[in-house]
Amino acid sequence: MLPYIRSDLAQLTAYTPHPGGISGEPVQSHMLDRLDTNESPFDLPVELKQKLSLTFEQIIESNRYPDGAYIALKQAIADYVNESGSPAQVMPDWISVGNGSDELIRSVLIATCLGGEGSILVANPTFSMYAILAQTLGIPVVSVGRSAANFEIDLAAAQKAICTPDAGANAQTENPPIRVVFAVHPNSPTANALTANELDWLKSLPESILVVIDEAYFEFSQNTVVGELCRRPNWVVLRTFSKAFRLAAHRVGYAIAHPELIAALEKIRLPYNLPSFSQAAAMVALCERKQLLASVSQILAEREQLIANLAQYPGIKVWPSAANFIFLRLGAGGENDLAQRLKAQGTLIRHTGGGLRLTVGTSEENQRSRARLQAALTSSHRSSSAAI
């Protein structure tokens with residue numbers, strides 16, 4: 001390792017981007033059913049792409065920096081958020097915009113824990129970028145488990161990990177006190193929404209701890225905690241345009257929180273962090289949200305059909321889902337082998353969290369994935385029988 005690079009980075013495992021599989025292995029992604037990254041299976045309609053093309057041709061000046069204040073975009077986001085039933089009207093100063101939710105997660109970490117001022121708490125399995133981003137910043141990560149039955153956070157372990165204000169550093173880990181708790185609603189990769197018990201515990205945390213609730217899949221769950229923000233200045237909700245809004249290529253995320261927290265995040269974010277074309281895409285998506293979000297009901301119907309079909313296989317354990325993906329495990333193990341078998345047949349799924357995460361695709365993609373899964377399981381069963 002080069003002598004000027006931080007020594008702890010040698011222990012860091014980077015996030016593996018899609019299209020899945022072994023790093024460096026060439027993949028012809030256009031020939032595959034890409035069901036491994038929880039994207040929408042539907043591209044933007046042609047007429048909206050044409051509208052964006054005209055924006056690029058006639059309005060965007062490539063030689064000029066993007067609008068760095070995002071006034072119009074923040075107002076449009078606030079209007080959309082207010083449609084979700086917030087009892088207090090969210091204003092633009094409650095919004096921060098990021099280059100994907102990842103940038104916002106990183107900004108939250110910088111604003112709270114950097115310089116040895118705090119640790120973060122995560123409940124695994126969960127979205128890996130919380131821990132990865134913390135580790136890149138030298139911030140300690142405290143992990144607790146989840147229930148094997150329904151993936152609820154181990155609240156007893158989480159409470160034990162939380163230091164009281166006068167306890168100082170955690171005696172066992174020698175980490176600074178936990179300053180940020182990450183919760184996902186619904187969780188990835190396990191697709192479960194926060195329970196009433198989990199929400200009660202999060203509400204019980206002192207205001208000295210920031211609660212980050214990631215609602216990346218809100219449009220599929222239709223379950224939000226935005227209404228709590230007016231009463232809880234130590235809560236922040238993260239959302240994204242990458243899933244239901246079909247803008248994964250444009251990397252637009254946003255945070256909703258008390259204006260004082262938003263002001264801190266605005267100090268930290270890089271100037272001009274969102275390209276002009278991404279801003280334009282987000283504005284078009286919000287203006288045409290009824291058309292774009294109409295696909296959600298179709299995805300949910302496909303999800304339930306997929307769950308019902310997979311539940312018929314005795315060797316598979318599949319859980320309910322509040323998102324656009326499902327989580328399953330094999331009774332006899334071998335999840336990685338199954339993922340590789342499906343990849344060889346043309347279906348990419350994600351091996352993570354001790355199981356397999358399968359994104360809900362189009363009807364045709366789901367039919368192919370079911371057929372390929374059945375073939376792979378049948379083949380595996382025959383091989384096991386022959387070995388006996």
# chains A, B, ... in the order shown; residues from 1 in each chain; ligands from 1
call {"tool": "residues_around", "arguments": {"residues": "A:Glu198", "least_positions_apart": "5", "cutoff": "10 Å", "atoms": "only C-alpha atoms", "output": "list in words"}}
result
Glu152, Ile153, Asp154, Leu155, Ala183, Ala193, Lys203 and Ser204 of chain A
call {"tool": "write_last_selection", "arguments": {"atoms": "all heavy atoms", "output": "CSV table (one decimal), in the first residue's frame"}}
result
chain,number,residue,atom,x,y,z
A,152,GLU,N,-36.8,-7.4,12.7
A,152,GLU,CA,-36.9,-6.2,13.6
A,152,GLU,C,-35.5,-6.0,14.2
A,152,GLU,O,-34.8,-6.9,14.6
A,152,GLU,CB,-38.0,-6.4,14.6
A,152,GLU,CG,-38.2,-5.2,15.5
A,152,GLU,CD,-39.3,-5.4,16.5
A,152,GLU,OE1,-40.0,-6.4,16.4
A,152,GLU,OE2,-39.6,-4.5,17.3
A,153,ILE,N,-35.1,-4.7,14.4
A,153,ILE,CA,-33.9,-4.4,15.1
A,153,ILE,C,-33.9,-5.0,16.5
A,153,ILE,O,-34.9,-5.0,17.2
A,153,ILE,CB,-33.7,-2.9,15.2
A,153,ILE,CG1,-33.7,-2.3,13.8
A,153,ILE,CG2,-32.5,-2.5,16.0
A,153,ILE,CD1,-33.8,-0.7,13.9
A,154,ASP,N,-32.7,-5.6,16.9
A,154,ASP,CA,-32.6,-6.1,18.3
A,154,ASP,C,-32.5,-4.9,19.2
A,154,ASP,O,-31.4,-4.3,19.4
A,154,ASP,CB,-31.3,-6.9,18.3
A,154,ASP,CG,-31.1,-7.6,19.7
A,154,ASP,OD1,-31.7,-7.1,20.7
A,154,ASP,OD2,-30.3,-8.5,19.8
A,155,LEU,N,-33.7,-4.5,19.7
A,155,LEU,CA,-33.8,-3.2,20.4
A,155,LEU,C,-33.0,-3.3,21.8
A,155,LEU,O,-32.5,-2.3,22.2
A,155,LEU,CB,-35.2,-2.8,20.6
A,155,LEU,CG,-36.0,-2.5,19.3
A,155,LEU,CD1,-37.5,-2.2,19.7
A,155,LEU,CD2,-35.4,-1.4,18.6
A,183,ALA,N,-31.8,4.0,10.4
A,183,ALA,CA,-32.9,3.1,10.3
A,183,ALA,C,-33.4,3.2,8.9
A,183,ALA,O,-33.4,4.3,8.3
A,183,ALA,CB,-34.0,3.4,11.3
A,193,ALA,N,-40.8,-2.9,6.8
A,193,ALA,CA,-41.0,-1.6,7.3
A,193,ALA,C,-40.7,-1.6,8.8
A,193,ALA,O,-40.7,-2.6,9.5
A,193,ALA,CB,-42.4,-1.1,7.1
A,203,LYS,N,-38.2,7.1,18.9
A,203,LYS,CA,-38.8,8.4,19.5
A,203,LYS,C,-38.2,8.6,20.9
A,203,LYS,O,-38.2,9.7,21.4
A,203,LYS,CB,-40.3,8.3,19.6
A,203,LYS,CG,-41.0,8.3,18.2
A,203,LYS,CD,-42.5,8.0,18.3
A,203,LYS,CE,-43.1,8.0,17.0
A,203,LYS,NZ,-44.6,7.7,17.1
A,204,SER,N,-37.8,7.5,21.6
A,204,SER,CA,-37.3,7.6,23.0
A,204,SER,C,-35.9,8.1,23.0
A,204,SER,O,-35.4,8.4,24.1
A,204,SER,CB,-37.4,6.3,23.7
A,204,SER,OG,-36.4,5.4,23.2
call {"tool": "closest_atom_pairs", "arguments": {"of": "stretch 120-139 of chain A", "to": "stretch 89-101 of chain A", "cutoff": "12 Å", "atoms": "only C-alpha atoms", "output": "tab-separated table"}}
result
residue	atom	partner	partner_atom	distance
A:Phe127	CA	A:Ser101	CA	11.5
A:Met129	CA	A:Ser101	CA	9.9
A:Tyr130	CA	A:Ser101	CA	10.5
A:Leu133	CA	A:Ser101	CA	11.7
call {"tool": "write_last_selection", "arguments": {"atoms": "C-alpha atoms", "output": "PDB file, in the first residue's frame"}}
result
ATOM      1  CA  PHE A 127     -27.803  -0.831   3.399  1.00  0.00           C
ATOM      2  CA  MET A 129     -23.178   2.395   2.509  1.00  0.00           C
ATOM      3  CA  TYR A 130     -23.866   3.704   6.032  1.00  0.00           C
ATOM      4  CA  LEU A 133     -19.058   5.865   4.241  1.00  0.00           C
TER       5      LEU A 133
END
call {"tool": "select_by_dssp", "arguments": {"residues": "stretch 295-365 of chain A", "states": "strand (DSSP E)", "output": "compact mmCIF listing (two decimals) with N, CA, C and O atoms, in the first residue's frame"}}
result
# COMPACT_ATOMS: atom_id res chain seq x y z
N ILE A 316 -37.27 -22.76 -0.13
CA ILE A 316 -37.09 -21.31 -0.09
C ILE A 316 -37.91 -20.71 1.05
O ILE A 316 -39.06 -21.05 1.24
N LYS A 317 -37.29 -19.80 1.78
CA LYS A 317 -37.99 -18.98 2.76
C LYS A 317 -38.04 -17.56 2.21
O LYS A 317 -37.00 -16.93 1.98
N VAL A 318 -39.25 -17.06 1.95
CA VAL A 318 -39.41 -15.70 1.41
C VAL A 318 -40.24 -14.89 2.39
O VAL A 318 -41.21 -15.39 2.96
N PHE A 325 -38.73 -4.99 -3.95
CA PHE A 325 -37.85 -6.16 -4.01
C PHE A 325 -38.28 -7.13 -2.93
O PHE A 325 -39.05 -6.79 -2.02
N ILE A 326 -37.78 -8.34 -3.03
CA ILE A 326 -38.08 -9.35 -2.01
C ILE A 326 -36.77 -9.95 -1.52
O ILE A 326 -35.74 -9.90 -2.20
N PHE A 327 -36.84 -10.51 -0.32
CA PHE A 327 -35.67 -11.13 0.30
C PHE A 327 -35.99 -12.58 0.57
O PHE A 327 -37.06 -12.91 1.07
N LEU A 328 -35.05 -13.46 0.21
CA LEU A 328 -35.28 -14.89 0.42
C LEU A 328 -33.99 -15.57 0.84
O LEU A 328 -32.89 -15.07 0.61
N ARG A 329 -34.18 -16.71 1.47
CA ARG A 329 -33.05 -17.55 1.84
C ARG A 329 -33.36 -18.99 1.50
O ARG A 329 -34.54 -19.38 1.41
N LEU A 330 -32.32 -19.78 1.33
CA LEU A 330 -32.47 -21.21 1.05
C LEU A 330 -32.29 -21.98 2.35
O LEU A 330 -31.37 -21.69 3.12
N THR A 347 -30.02 -13.77 -15.37
CA THR A 347 -30.73 -13.00 -14.35
C THR A 347 -29.76 -12.60 -13.25
O THR A 347 -29.15 -13.47 -12.62
N LEU A 348 -29.62 -11.29 -13.02
CA LEU A 348 -28.78 -10.80 -11.94
C LEU A 348 -29.62 -10.55 -10.70
O LEU A 348 -30.62 -9.85 -10.76
N ARG A 350 -29.01 -10.05 -6.15
CA ARG A 350 -27.97 -9.63 -5.20
C ARG A 350 -27.85 -10.62 -4.05
O ARG A 350 -28.84 -10.91 -3.36
N HIS A 351 -26.65 -11.17 -3.86
CA HIS A 351 -26.37 -12.01 -2.70
C HIS A 351 -25.87 -11.11 -1.59
O HIS A 351 -24.76 -10.57 -1.66
N THR A 352 -26.68 -10.90 -0.57
CA THR A 352 -26.35 -9.96 0.49
C THR A 352 -27.13 -10.28 1.75
O THR A 352 -28.20 -10.88 1.68
N GLY A 355 -28.63 -13.73 2.44
CA GLY A 355 -29.73 -14.23 1.60
C GLY A 355 -29.63 -13.65 0.21
O GLY A 355 -28.56 -13.20 -0.23
N LEU A 356 -30.74 -13.67 -0.49
CA LEU A 356 -30.79 -13.17 -1.86
C LEU A 356 -31.85 -12.08 -1.95
O LEU A 356 -32.98 -12.27 -1.50
N ARG A 357 -31.47 -10.96 -2.55
CA ARG A 357 -32.41 -9.86 -2.78
C ARG A 357 -32.75 -9.82 -4.26
O ARG A 357 -31.86 -9.68 -5.10
N LEU A 358 -34.02 -9.92 -4.55
CA LEU A 358 -34.50 -9.99 -5.92
C LEU A 358 -35.39 -8.79 -6.20
O LEU A 358 -36.45 -8.63 -5.59
N THR A 359 -34.96 -7.92 -7.10
CA THR A 359 -35.76 -6.76 -7.49
C THR A 359 -36.94 -7.21 -8.33
O THR A 359 -36.81 -8.11 -9.17
call {"tool": "residues_around", "arguments": {"residues": "A:Ser84", "least_positions_apart": "3", "cutoff": "12 Å", "atoms": "only C-alpha atoms", "output": "MDAnalysis selection string"}}
result
chainID A and resid 77:81 87:90 218:219 221:227
call {"tool": "select_by_dssp", "arguments": {"residues": "stretch 101-313 of chain A", "states": "helix (DSSP H, G or I)", "output": "PyMOL selection string"}}
result
chain A and resi 101-112+129-136+155-161+196-204+218-221+226-228+248-250+259-268+276-287+289-293+295-310
call {"tool": "residues_around", "arguments": {"residues": "A:Val284", "least_positions_apart": "3", "cutoff": "12 Å", "atoms": "only C-alpha atoms", "output": "PyMOL selection string"}}
result
chain A and resi 44-45+47-55+72-73+76-77+241+245-247+277-281+287-292
call {"tool": "decode", "arguments": {"residues": "stretch 65-99 of chain A", "atoms": "N, CA, C and O atoms", "output": "PDB file, in the first residue's frame"}}
result
ATOM      1  N   TYR A  65     -21.941  26.908 -14.856  1.00  0.00           N
ATOM      2  CA  TYR A  65     -22.169  26.028 -13.724  1.00  0.00           C
ATOM      3  C   TYR A  65     -23.673  25.857 -13.480  1.00  0.00           C
ATOM      4  O   TYR A  65     -24.471  26.729 -13.840  1.00  0.00           O
ATOM      5  N   PRO A  66     -24.057  24.744 -12.864  1.00  0.00           N
ATOM      6  CA  PRO A  66     -25.478  24.544 -12.544  1.00  0.00           C
ATOM      7  C   PRO A  66     -25.969  25.572 -11.542  1.00  0.00           C
ATOM      8  O   PRO A  66     -25.183  26.234 -10.860  1.00  0.00           O
ATOM      9  N   ASP A  67     -27.275  25.687 -11.424  1.00  0.00           N
ATOM     10  CA  ASP A  67     -27.884  26.472 -10.347  1.00  0.00           C
ATOM     11  C   ASP A  67     -27.499  25.801  -9.032  1.00  0.00           C
ATOM     12  O   ASP A  67     -27.854  24.649  -8.782  1.00  0.00           O
ATOM     13  N   GLY A  68     -26.759  26.502  -8.204  1.00  0.00           N
ATOM     14  CA  GLY A  68     -26.273  25.914  -6.957  1.00  0.00           C
ATOM     15  C   GLY A  68     -27.184  26.125  -5.767  1.00  0.00           C
ATOM     16  O   GLY A  68     -26.904  25.615  -4.673  1.00  0.00           O
ATOM     17  N   ALA A  69     -28.276  26.859  -5.956  1.00  0.00           N
ATOM     18  CA  ALA A  69     -29.191  27.123  -4.841  1.00  0.00           C
ATOM     19  C   ALA A  69     -30.394  26.191  -4.850  1.00  0.00           C
ATOM     20  O   ALA A  69     -31.007  25.948  -3.811  1.00  0.00           O
ATOM     21  N   TYR A  70     -30.748  25.679  -6.014  1.00  0.00           N
ATOM     22  CA  TYR A  70     -31.843  24.706  -6.168  1.00  0.00           C
ATOM     23  C   TYR A  70     -33.181  25.231  -5.641  1.00  0.00           C
ATOM     24  O   TYR A  70     -33.968  24.466  -5.076  1.00  0.00           O
ATOM     25  N   ILE A  71     -33.428  26.520  -5.815  1.00  0.00           N
ATOM     26  CA  ILE A  71     -34.637  27.116  -5.237  1.00  0.00           C
ATOM     27  C   ILE A  71     -35.898  26.482  -5.805  1.00  0.00           C
ATOM     28  O   ILE A  71     -36.794  26.056  -5.062  1.00  0.00           O
ATOM     29  N   ALA A  72     -35.974  26.392  -7.138  1.00  0.00           N
ATOM     30  CA  ALA A  72     -37.167  25.827  -7.769  1.00  0.00           C
ATOM     31  C   ALA A  72     -37.317  24.348  -7.445  1.00  0.00           C
ATOM     32  O   ALA A  72     -38.425  23.860  -7.173  1.00  0.00           O
ATOM     33  N   LEU A  73     -36.202  23.628  -7.460  1.00  0.00           N
ATOM     34  CA  LEU A  73     -36.256  22.190  -7.188  1.00  0.00           C
ATOM     35  C   LEU A  73     -36.667  21.931  -5.738  1.00  0.00           C
ATOM     36  O   LEU A  73     -37.491  21.043  -5.469  1.00  0.00           O
ATOM     37  N   LYS A  74     -36.127  22.679  -4.811  1.00  0.00           N
ATOM     38  CA  LYS A  74     -36.501  22.489  -3.407  1.00  0.00           C
ATOM     39  C   LYS A  74     -37.982  22.775  -3.183  1.00  0.00           C
ATOM     40  O   LYS A  74     -38.647  22.083  -2.405  1.00  0.00           O
ATOM     41  N   GLN A  75     -38.505  23.794  -3.854  1.00  0.00           N
ATOM     42  CA  GLN A  75     -39.928  24.099  -3.719  1.00  0.00           C
ATOM     43  C   GLN A  75     -40.774  22.966  -4.284  1.00  0.00           C
ATOM     44  O   GLN A  75     -41.777  22.566  -3.675  1.00  0.00           O
ATOM     45  N   ALA A  76     -40.365  22.433  -5.435  1.00  0.00           N
ATOM     46  CA  ALA A  76     -41.108  21.327  -6.042  1.00  0.00           C
ATOM     47  C   ALA A  76     -41.059  20.081  -5.168  1.00  0.00           C
ATOM     48  O   ALA A  76     -42.052  19.356  -5.027  1.00  0.00           O
ATOM     49  N   ILE A  77     -39.904  19.819  -4.548  1.00  0.00           N
ATOM     50  CA  ILE A  77     -39.784  18.673  -3.637  1.00  0.00           C
ATOM     51  C   ILE A  77     -40.666  18.885  -2.414  1.00  0.00           C
ATOM     52  O   ILE A  77     -41.372  17.965  -1.971  1.00  0.00           O
ATOM     53  N   ALA A  78     -40.645  20.085  -1.854  1.00  0.00           N
ATOM     54  CA  ALA A  78     -41.472  20.370  -0.682  1.00  0.00           C
ATOM     55  C   ALA A  78     -42.947  20.171  -0.998  1.00  0.00           C
ATOM     56  O   ALA A  78     -43.699  19.600  -0.194  1.00  0.00           O
ATOM     57  N   ASP A  79     -43.378  20.616  -2.175  1.00  0.00           N
ATOM     58  CA  ASP A  79     -44.774  20.419  -2.578  1.00  0.00           C
ATOM     59  C   ASP A  79     -45.118  18.937  -2.644  1.00  0.00           C
ATOM     60  O   ASP A  79     -46.197  18.513  -2.194  1.00  0.00           O
ATOM     61  N   TYR A  80     -44.210  18.144  -3.179  1.00  0.00           N
ATOM     62  CA  TYR A  80     -44.444  16.700  -3.273  1.00  0.00           C
ATOM     63  C   TYR A  80     -44.477  16.064  -1.883  1.00  0.00           C
ATOM     64  O   TYR A  80     -45.359  15.243  -1.585  1.00  0.00           O
ATOM     65  N   VAL A  81     -43.545  16.435  -1.027  1.00  0.00           N
ATOM     66  CA  VAL A  81     -43.501  15.878   0.332  1.00  0.00           C
ATOM     67  C   VAL A  81     -44.790  16.193   1.076  1.00  0.00           C
ATOM     68  O   VAL A  81     -45.334  15.345   1.799  1.00  0.00           O
ATOM     69  N   ASN A  82     -45.303  17.390   0.891  1.00  0.00           N
ATOM     70  CA  ASN A  82     -46.523  17.784   1.591  1.00  0.00           C
ATOM     71  C   ASN A  82     -47.733  16.976   1.147  1.00  0.00           C
ATOM     72  O   ASN A  82     -48.721  16.875   1.892  1.00  0.00           O
ATOM     73  N   GLU A  83     -47.667  16.392  -0.028  1.00  0.00           N
ATOM     74  CA  GLU A  83     -48.756  15.526  -0.480  1.00  0.00           C
ATOM     75  C   GLU A  83     -48.835  14.236   0.323  1.00  0.00           C
ATOM     76  O   GLU A  83     -49.862  13.555   0.306  1.00  0.00           O
ATOM     77  N   SER A  84     -47.738  13.875   1.006  1.00  0.00           N
ATOM     78  CA  SER A  84     -47.698  12.586   1.712  1.00  0.00           C
ATOM     79  C   SER A  84     -48.302  12.665   3.103  1.00  0.00           C
ATOM     80  O   SER A  84     -48.149  11.727   3.889  1.00  0.00           O
ATOM     81  N   GLY A  85     -48.950  13.790   3.428  1.00  0.00           N
ATOM     82  CA  GLY A  85     -49.712  13.832   4.665  1.00  0.00           C
ATOM     83  C   GLY A  85     -49.022  14.432   5.854  1.00  0.00           C
ATOM     84  O   GLY A  85     -49.386  14.162   6.992  1.00  0.00           O
ATOM     85  N   SER A  86     -47.997  15.258   5.635  1.00  0.00           N
ATOM     86  CA  SER A  86     -47.337  15.904   6.763  1.00  0.00           C
ATOM     87  C   SER A  86     -48.288  16.883   7.432  1.00  0.00           C
ATOM     88  O   SER A  86     -48.877  17.727   6.765  1.00  0.00           O
ATOM     89  N   PRO A  87     -48.466  16.804   8.764  1.00  0.00           N
ATOM     90  CA  PRO A  87     -49.376  17.721   9.447  1.00  0.00           C
ATOM     91  C   PRO A  87     -48.889  19.167   9.426  1.00  0.00           C
ATOM     92  O   PRO A  87     -49.677  20.092   9.511  1.00  0.00           O
ATOM     93  N   ALA A  88     -47.564  19.353   9.330  1.00  0.00           N
ATOM     94  CA  ALA A  88     -46.997  20.693   9.207  1.00  0.00           C
ATOM     95  C   ALA A  88     -46.414  20.829   7.806  1.00  0.00           C
ATOM     96  O   ALA A  88     -45.747  19.921   7.318  1.00  0.00           O
ATOM     97  N   GLN A  89     -46.675  21.942   7.170  1.00  0.00           N
ATOM     98  CA  GLN A  89     -46.204  22.123   5.803  1.00  0.00           C
ATOM     99  C   GLN A  89     -44.682  22.248   5.755  1.00  0.00           C
ATOM    100  O   GLN A  89     -44.086  23.105   6.415  1.00  0.00           O
ATOM    101  N   VAL A  90     -44.058  21.372   4.980  1.00  0.00           N
ATOM    102  CA  VAL A  90     -42.615  21.416   4.783  1.00  0.00           C
ATOM    103  C   VAL A  90     -42.299  22.542   3.806  1.00  0.00           C
ATOM    104  O   VAL A  90     -42.905  22.653   2.740  1.00  0.00           O
ATOM    105  N   MET A  91     -41.341  23.377   4.173  1.00  0.00           N
ATOM    106  CA  MET A  91     -40.919  24.495   3.343  1.00  0.00           C
ATOM    107  C   MET A  91     -39.576  24.163   2.687  1.00  0.00           C
ATOM    108  O   MET A  91     -38.879  23.227   3.109  1.00  0.00           O
ATOM    109  N   PRO A  92     -39.188  24.922   1.672  1.00  0.00           N
ATOM    110  CA  PRO A  92     -37.918  24.635   1.002  1.00  0.00           C
ATOM    111  C   PRO A  92     -36.704  24.629   1.923  1.00  0.00           C
ATOM    112  O   PRO A  92     -35.727  23.919   1.660  1.00  0.00           O
ATOM    113  N   ASP A  93     -36.742  25.424   3.025  1.00  0.00           N
ATOM    114  CA  ASP A  93     -35.586  25.416   3.922  1.00  0.00           C
ATOM    115  C   ASP A  93     -35.520  24.173   4.791  1.00  0.00           C
ATOM    116  O   ASP A  93     -34.615  24.030   5.618  1.00  0.00           O
ATOM    117  N   TRP A  94     -36.470  23.255   4.619  1.00  0.00           N
ATOM    118  CA  TRP A  94     -36.424  21.937   5.248  1.00  0.00           C
ATOM    119  C   TRP A  94     -35.798  20.895   4.309  1.00  0.00           C
ATOM    120  O   TRP A  94     -35.751  19.712   4.647  1.00  0.00           O
ATOM    121  N   ILE A  95     -35.320  21.316   3.144  1.00  0.00           N
ATOM    122  CA  ILE A  95     -34.861  20.393   2.109  1.00  0.00           C
ATOM    123  C   ILE A  95     -33.397  20.644   1.783  1.00  0.00           C
ATOM    124  O   ILE A  95     -32.966  21.790   1.619  1.00  0.00           O
ATOM    125  N   SER A  96     -32.619  19.564   1.669  1.00  0.00           N
ATOM    126  CA  SER A  96     -31.268  19.618   1.104  1.00  0.00           C
ATOM    127  C   SER A  96     -31.195  18.590  -0.015  1.00  0.00           C
ATOM    128  O   SER A  96     -31.744  17.486   0.109  1.00  0.00           O
ATOM    129  N   VAL A  97     -30.537  18.959  -1.091  1.00  0.00           N
ATOM    130  CA  VAL A  97     -30.473  18.106  -2.277  1.00  0.00           C
ATOM    131  C   VAL A  97     -29.073  17.548  -2.417  1.00  0.00           C
ATOM    132  O   VAL A  97     -28.086  18.270  -2.225  1.00  0.00           O
ATOM    133  N   GLY A  98     -28.976  16.258  -2.748  1.00  0.00           N
ATOM    134  CA  GLY A  98     -27.669  15.629  -2.877  1.00  0.00           C
ATOM    135  C   GLY A  98     -27.502  14.856  -4.149  1.00  0.00           C
ATOM    136  O   GLY A  98     -28.472  14.522  -4.843  1.00  0.00           O
ATOM    137  N   ASN A  99     -26.252  14.567  -4.463  1.00  0.00           N
ATOM    138  CA  ASN A  99     -25.917  13.726  -5.608  1.00  0.00           C
ATOM    139  C   ASN A  99     -26.160  12.277  -5.194  1.00  0.00           C
ATOM    140  O   ASN A  99     -25.244  11.552  -4.808  1.00  0.00           O
TER     141      ASN A  99
END
